[in-house]
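To start, the structure under review is shown below, and the notes come after it.
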Amino acid sequence: MTENIPRYFNDDGSEINPDLIIKPDLCITCRNDDLSGEDEVLCNLTRADQDGEEEFHCEAYRSKG
């Protein structure tokens with residue numbers, strides 16, 4: 001069953017495949033990278049919202065180091 005899998009949509013109503021959202025380098029160095037649940041949803045929405053932007057900025061970023 002897929003009842004608990006979050007679905008994402010653009011402002012125009014078209015569905016976004018979260019597996020196709022580009023993961024910026026900043027995300028790879030973040031403690032929140034590869035988390036599940038609400039954290040994953042927040043990260044996917046942040047990345048989808050900034051897709052195509054020259055710079056990526058995330059308020060939830062926390063360095064792994």
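A note on labels: chains of the structure tokens are A, B, ... as shown, every chain counts residues from 1, and ligands are counted from 1 in their shown order.
Running DSSP on the backbone gives strand (DSSP E) for these residues within chain A: A:Tyr8, A:Phe9, A:Glu15, A:Ile16.
The residue set within 12 Å of A:Gly52, counting only C-alpha atoms and dropping same-chain residues fewer than 4 places from it, reads Ile21, Ile22, Lys23, Pro24, Arg47, Ala48 and Phe56 of chain A.
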Could those residues be written to a file, using N, CA and C atoms, as a CSV table (one decimal), in the first residue's frame?
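Everything below was put into out_6.csv:
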```csv
chain,number,residue,atom,x,y,z
A,21,ILE,N,14.2,14.9,-8.0
A,21,ILE,CA,14.6,16.2,-7.5
A,21,ILE,C,16.1,16.2,-7.3
A,22,ILE,N,16.8,17.1,-7.9
A,22,ILE,CA,18.2,17.2,-7.8
A,22,ILE,C,18.6,17.5,-6.4
A,23,LYS,N,19.6,16.8,-5.9
A,23,LYS,CA,20.1,17.0,-4.5
A,23,LYS,C,21.3,17.9,-4.6
A,24,PRO,N,21.3,19.1,-4.1
A,24,PRO,CA,22.4,20.0,-4.1
A,24,PRO,C,23.6,19.5,-3.2
A,47,ARG,N,14.1,21.5,-1.7
A,47,ARG,CA,14.8,21.3,-3.0
A,47,ARG,C,13.9,21.5,-4.2
A,48,ALA,N,12.7,21.1,-4.1
A,48,ALA,CA,11.7,21.2,-5.3
A,48,ALA,C,11.4,22.7,-5.5
A,56,PHE,N,21.4,27.7,-3.9
A,56,PHE,CA,20.5,26.9,-3.0
A,56,PHE,C,20.7,27.3,-1.6
```
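Minimum distance to A:Glu40 across A:Asp25, A:Gly65, A:Ala60, A:Asn10 (counting only C-alpha atoms) occurs at A:Ala60.
Listed by chain and then by rising number, the residues of chain A that DSSP assigns to helix (DSSP H, G or I) from the backbone are Pro18, Asp19, Leu20, Asp25, Leu26, Cys27, Ile28, Glu38, Asp39, Glu40, Val41, Leu42, Cys43, Asn44, Leu45, Thr46, Arg47, Ala48 and Asp49 of chain A.
Relative to atom CA of A:Asp19, atom CA of A:Val41 is found at 12.1 Å.
The closest residue to A:Ile16, picked from A:Glu55, A:Asp49, A:Arg62, A:Asn4 and counting only C-alpha atoms, is A:Asp49.
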